[in-house]
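The next block holds one structure in the form of structure tokens; read it before the comments.
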Amino acid sequence: MMDTKILVVDDEVLLVKGIRFNLQNEGYEVITGSDGLEAVRLVQEQRPDLVVLDVMMPNMDGMTACAKIREFSNVPIILLTAKSETEDKVLGLNVGADDYISKPYSINEVMARVKAVLNRTIRKNAAIATNQKAVKPDQDEILEFEDLKLNLTPMLLL
């Protein structure tokens with residue numbers, strides 16, 4: 001995991017320290033910033049594997065920073081915000097975020113979401129790098145409700 005670099009950007013210094021401490025304890029390399037402009041610059045310069053980005057920050061808000069980052073990078077982005085309305089979450093996901101965590105949050109939730117997003121992207125990137133094909137298992141697990149069908153079966157990489 002030490003090869004995994006995570007950028008944490010929030011203008012609340014204590015929140016950054018807490019997240020950085022927990023990520024470093026899990027073996028991640030952590031870089032930090034305090035506003036949206038710095039977030040965009042650090043993604044360009046440092047090429048992190050994941051960005052944890054606050055929404056309400058000075059100079060450039062996290063939504064705008066996320067959209068700017070999406071112009072040149074597919075790095076996974078998790079937005080952190082005090083805004084918990086559905087419209088805010090939808091907007092965050094529509095500008096390119098991979099996940100959205102509302103404040104107040106538990107550090108355990110942040111850590112679990114970081115690991116989940118990294119596992120998805122690392123597995124996907126590994127498949128692309130080795131030119132593997134995604135294959136479904138023989139038995140699909142289907143959840144049906146009225147006109148909605150969800151295939152819950154994970155893709156296996158061969």
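Please note that chains go A, B, ... in the order of the structure tokens, that every chain numbers its residues from 1, and that ligands are numbered from 1 in the order shown.
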
- Hey, what's within 12 Å of A:Ile31 if we count only C-alpha atoms and toss same-chain stuff fewer than 5 positions away? As a ChimeraX atom specification, please? /A:4-10,16-17,19-21,23-24,38-39,42-43,45-53

Please produce a file of the residues just selected, as a short mmCIF file (atom, residue, chain, number, x, y, z; two decimals), in the first residue's frame, where the atoms kept are C-alpha atoms.
```
data_model
loop_
_atom_site.label_atom_id
_atom_site.label_comp_id
_atom_site.auth_asym_id
_atom_site.auth_seq_id
_atom_site.Cartn_x
_atom_site.Cartn_y
_atom_site.Cartn_z
CA THR A 4 -0.59 4.16 -3.00
CA LYS A 5 -0.67 7.95 -2.80
CA ILE A 6 -3.75 9.74 -1.49
CA LEU A 7 -4.38 13.48 -1.70
CA VAL A 8 -6.52 14.93 1.12
CA VAL A 9 -7.79 18.48 0.60
CA ASP A 10 -9.84 20.36 3.20
CA VAL A 16 -6.97 16.85 7.45
CA LYS A 17 -4.68 15.80 10.32
CA ILE A 19 -7.66 11.67 8.01
CA ARG A 20 -3.92 11.82 7.22
CA PHE A 21 -3.06 10.08 10.51
CA LEU A 23 -4.46 6.79 6.21
CA GLN A 24 -0.77 6.75 7.14
CA GLU A 38 -4.21 23.62 -4.63
CA ALA A 39 -6.13 20.37 -5.21
CA LEU A 42 -1.42 18.78 -6.66
CA VAL A 43 -3.30 16.28 -8.84
CA GLU A 45 2.03 17.51 -10.05
CA GLN A 46 1.75 14.52 -7.70
CA ARG A 47 -0.48 12.12 -9.66
CA PRO A 48 -2.24 10.63 -6.61
CA ASP A 49 -4.12 7.33 -6.76
CA LEU A 50 -7.12 8.83 -4.95
CA VAL A 51 -8.35 12.29 -3.93
CA VAL A 52 -10.41 13.02 -0.80
CA LEU A 53 -11.82 16.50 -1.45
#
```

Which residues are near stretch 61-76 of chain A? Cut-off 8 Å, only C-alpha atoms, ignore same chain within fewer than 2 positions. Put them as a short mmCIF file (atom, residue, chain, number, x, y, z; two decimals) with N, CA and C atoms, in the first residue's frame.
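Okay, this is what ended up in around24.cif:
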```cif
data_model
loop_
_atom_site.label_atom_id
_atom_site.label_comp_id
_atom_site.auth_asym_id
_atom_site.auth_seq_id
_atom_site.Cartn_x
_atom_site.Cartn_y
_atom_site.Cartn_z
N ASP A 35 -7.18 24.03 -0.32
CA ASP A 35 -8.23 24.67 -1.13
C ASP A 35 -8.29 24.02 -2.51
N GLY A 36 -9.33 24.38 -3.26
CA GLY A 36 -9.57 23.76 -4.56
C GLY A 36 -8.49 24.01 -5.59
N LEU A 37 -7.94 25.23 -5.60
CA LEU A 37 -6.85 25.53 -6.55
C LEU A 37 -5.65 24.63 -6.29
N ALA A 39 -5.75 21.73 -4.85
CA ALA A 39 -6.13 20.37 -5.21
C ALA A 39 -5.84 20.09 -6.68
N VAL A 40 -6.26 21.00 -7.55
CA VAL A 40 -6.04 20.82 -8.99
C VAL A 40 -4.54 20.76 -9.29
N VAL A 43 -2.96 17.44 -8.00
CA VAL A 43 -3.30 16.28 -8.84
C VAL A 43 -2.41 16.28 -10.08
N PRO A 48 -1.81 11.55 -7.66
CA PRO A 48 -2.24 10.63 -6.61
C PRO A 48 -3.12 9.51 -7.17
N ASP A 49 -3.26 8.45 -6.39
CA ASP A 49 -4.12 7.33 -6.76
C ASP A 49 -5.57 7.55 -6.36
N LEU A 50 -5.79 8.51 -5.44
CA LEU A 50 -7.12 8.83 -4.95
C LEU A 50 -7.10 10.23 -4.37
N VAL A 51 -8.22 10.96 -4.50
CA VAL A 51 -8.35 12.29 -3.93
C VAL A 51 -9.55 12.30 -2.99
N LEU A 53 -11.69 15.07 -1.16
CA LEU A 53 -11.82 16.50 -1.45
C LEU A 53 -13.04 17.09 -0.76
N ASP A 54 -12.82 18.11 0.07
CA ASP A 54 -13.92 18.83 0.71
C ASP A 54 -14.62 19.68 -0.34
N VAL A 55 -15.90 19.93 -0.13
CA VAL A 55 -16.66 20.73 -1.09
C VAL A 55 -16.55 22.22 -0.80
N MET A 56 -16.76 22.62 0.45
CA MET A 56 -16.79 24.04 0.78
C MET A 56 -15.41 24.50 1.25
N MET A 57 -14.67 25.12 0.30
CA MET A 57 -13.31 25.59 0.57
C MET A 57 -13.11 26.96 -0.08
N PRO A 58 -12.11 27.70 0.39
CA PRO A 58 -11.81 29.01 -0.22
C PRO A 58 -11.13 28.86 -1.58
N ASN A 59 -11.08 29.94 -2.30
CA ASN A 59 -10.40 30.08 -3.60
C ASN A 59 -11.08 29.31 -4.72
N ILE A 78 -13.29 11.23 -3.87
CA ILE A 78 -14.33 11.12 -2.84
C ILE A 78 -14.56 12.52 -2.30
N LEU A 79 -15.79 13.01 -2.40
CA LEU A 79 -16.12 14.33 -1.88
C LEU A 79 -16.56 14.22 -0.42
N GLY A 92 -22.54 16.49 -7.02
CA GLY A 92 -21.17 16.01 -6.83
C GLY A 92 -20.85 14.82 -7.71
N VAL A 95 -20.55 15.93 -11.42
CA VAL A 95 -19.34 16.63 -11.83
C VAL A 95 -18.13 15.71 -11.87
N GLY A 96 -18.32 14.44 -11.45
CA GLY A 96 -17.24 13.49 -11.61
C GLY A 96 -16.75 12.77 -10.37
N ALA A 97 -17.38 13.01 -9.22
CA ALA A 97 -16.96 12.32 -8.00
C ALA A 97 -17.34 10.84 -8.08
N ASP A 98 -16.53 10.01 -7.45
CA ASP A 98 -16.80 8.57 -7.40
C ASP A 98 -17.60 8.19 -6.16
N VAL A 117 -13.09 2.22 -2.91
CA VAL A 117 -12.82 2.90 -4.18
C VAL A 117 -11.46 2.46 -4.73
N LEU A 118 -10.46 2.37 -3.88
CA LEU A 118 -9.14 1.92 -4.34
C LEU A 118 -9.18 0.49 -4.86
N THR A 121 -10.73 0.51 -8.36
CA THR A 121 -9.90 1.10 -9.41
C THR A 121 -8.61 0.32 -9.61
#
```

Report the residues of stretch 61-103 of chain A whose backbone DSSP state falls under strand (DSSP E or B), written as a PDB file with N, CA, C and O atoms, in the first residue's frame.
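The resulting result.pdb:
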```
ATOM      1  N   ILE A  77     -12.213  10.227  -7.007  1.00  0.00           N
ATOM      2  CA  ILE A  77     -12.419  11.369  -6.110  1.00  0.00           C
ATOM      3  C   ILE A  77     -13.566  11.050  -5.164  1.00  0.00           C
ATOM      4  O   ILE A  77     -14.654  10.675  -5.603  1.00  0.00           O
ATOM      5  N   ILE A  78     -13.294  11.229  -3.867  1.00  0.00           N
ATOM      6  CA  ILE A  78     -14.334  11.120  -2.845  1.00  0.00           C
ATOM      7  C   ILE A  78     -14.562  12.524  -2.300  1.00  0.00           C
ATOM      8  O   ILE A  78     -13.628  13.157  -1.813  1.00  0.00           O
ATOM      9  N   LEU A  79     -15.795  13.012  -2.400  1.00  0.00           N
ATOM     10  CA  LEU A  79     -16.123  14.333  -1.878  1.00  0.00           C
ATOM     11  C   LEU A  79     -16.564  14.222  -0.418  1.00  0.00           C
ATOM     12  O   LEU A  79     -17.305  13.310  -0.054  1.00  0.00           O
ATOM     13  N   LEU A  80     -16.085  15.161   0.403  1.00  0.00           N
ATOM     14  CA  LEU A  80     -16.512  15.297   1.796  1.00  0.00           C
ATOM     15  C   LEU A  80     -17.248  16.616   1.917  1.00  0.00           C
ATOM     16  O   LEU A  80     -16.757  17.631   1.438  1.00  0.00           O
ATOM     17  N   THR A  81     -18.410  16.624   2.566  1.00  0.00           N
ATOM     18  CA  THR A  81     -19.112  17.892   2.697  1.00  0.00           C
ATOM     19  C   THR A  81     -20.134  17.898   3.807  1.00  0.00           C
ATOM     20  O   THR A  81     -20.646  16.851   4.198  1.00  0.00           O
ATOM     21  N   ASP A  99     -17.534   9.028  -5.139  1.00  0.00           N
ATOM     22  CA  ASP A  99     -18.265   8.773  -3.905  1.00  0.00           C
ATOM     23  C   ASP A  99     -18.464  10.101  -3.192  1.00  0.00           C
ATOM     24  O   ASP A  99     -17.820  11.097  -3.534  1.00  0.00           O
ATOM     25  N   TYR A 100     -19.351  10.110  -2.200  1.00  0.00           N
ATOM     26  CA  TYR A 100     -19.749  11.345  -1.538  1.00  0.00           C
ATOM     27  C   TYR A 100     -20.014  11.012  -0.082  1.00  0.00           C
ATOM     28  O   TYR A 100     -20.844  10.152   0.211  1.00  0.00           O
ATOM     29  N   ILE A 101     -19.318  11.653   0.835  1.00  0.00           N
ATOM     30  CA  ILE A 101     -19.495  11.403   2.266  1.00  0.00           C
ATOM     31  C   ILE A 101     -19.953  12.700   2.928  1.00  0.00           C
ATOM     32  O   ILE A 101     -19.302  13.731   2.796  1.00  0.00           O
ATOM     33  N   SER A 102     -21.062  12.625   3.660  1.00  0.00           N
ATOM     34  CA  SER A 102     -21.592  13.793   4.353  1.00  0.00           C
ATOM     35  C   SER A 102     -21.004  13.909   5.753  1.00  0.00           C
ATOM     36  O   SER A 102     -20.843  12.921   6.456  1.00  0.00           O
TER      37      SER A 102
END
```

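Candidate residues A:Leu15, A:Leu148, A:Val90, A:Ile142 were compared for distance to A:Tyr105, and the nearest is A:Leu15, using only C-alpha atoms.
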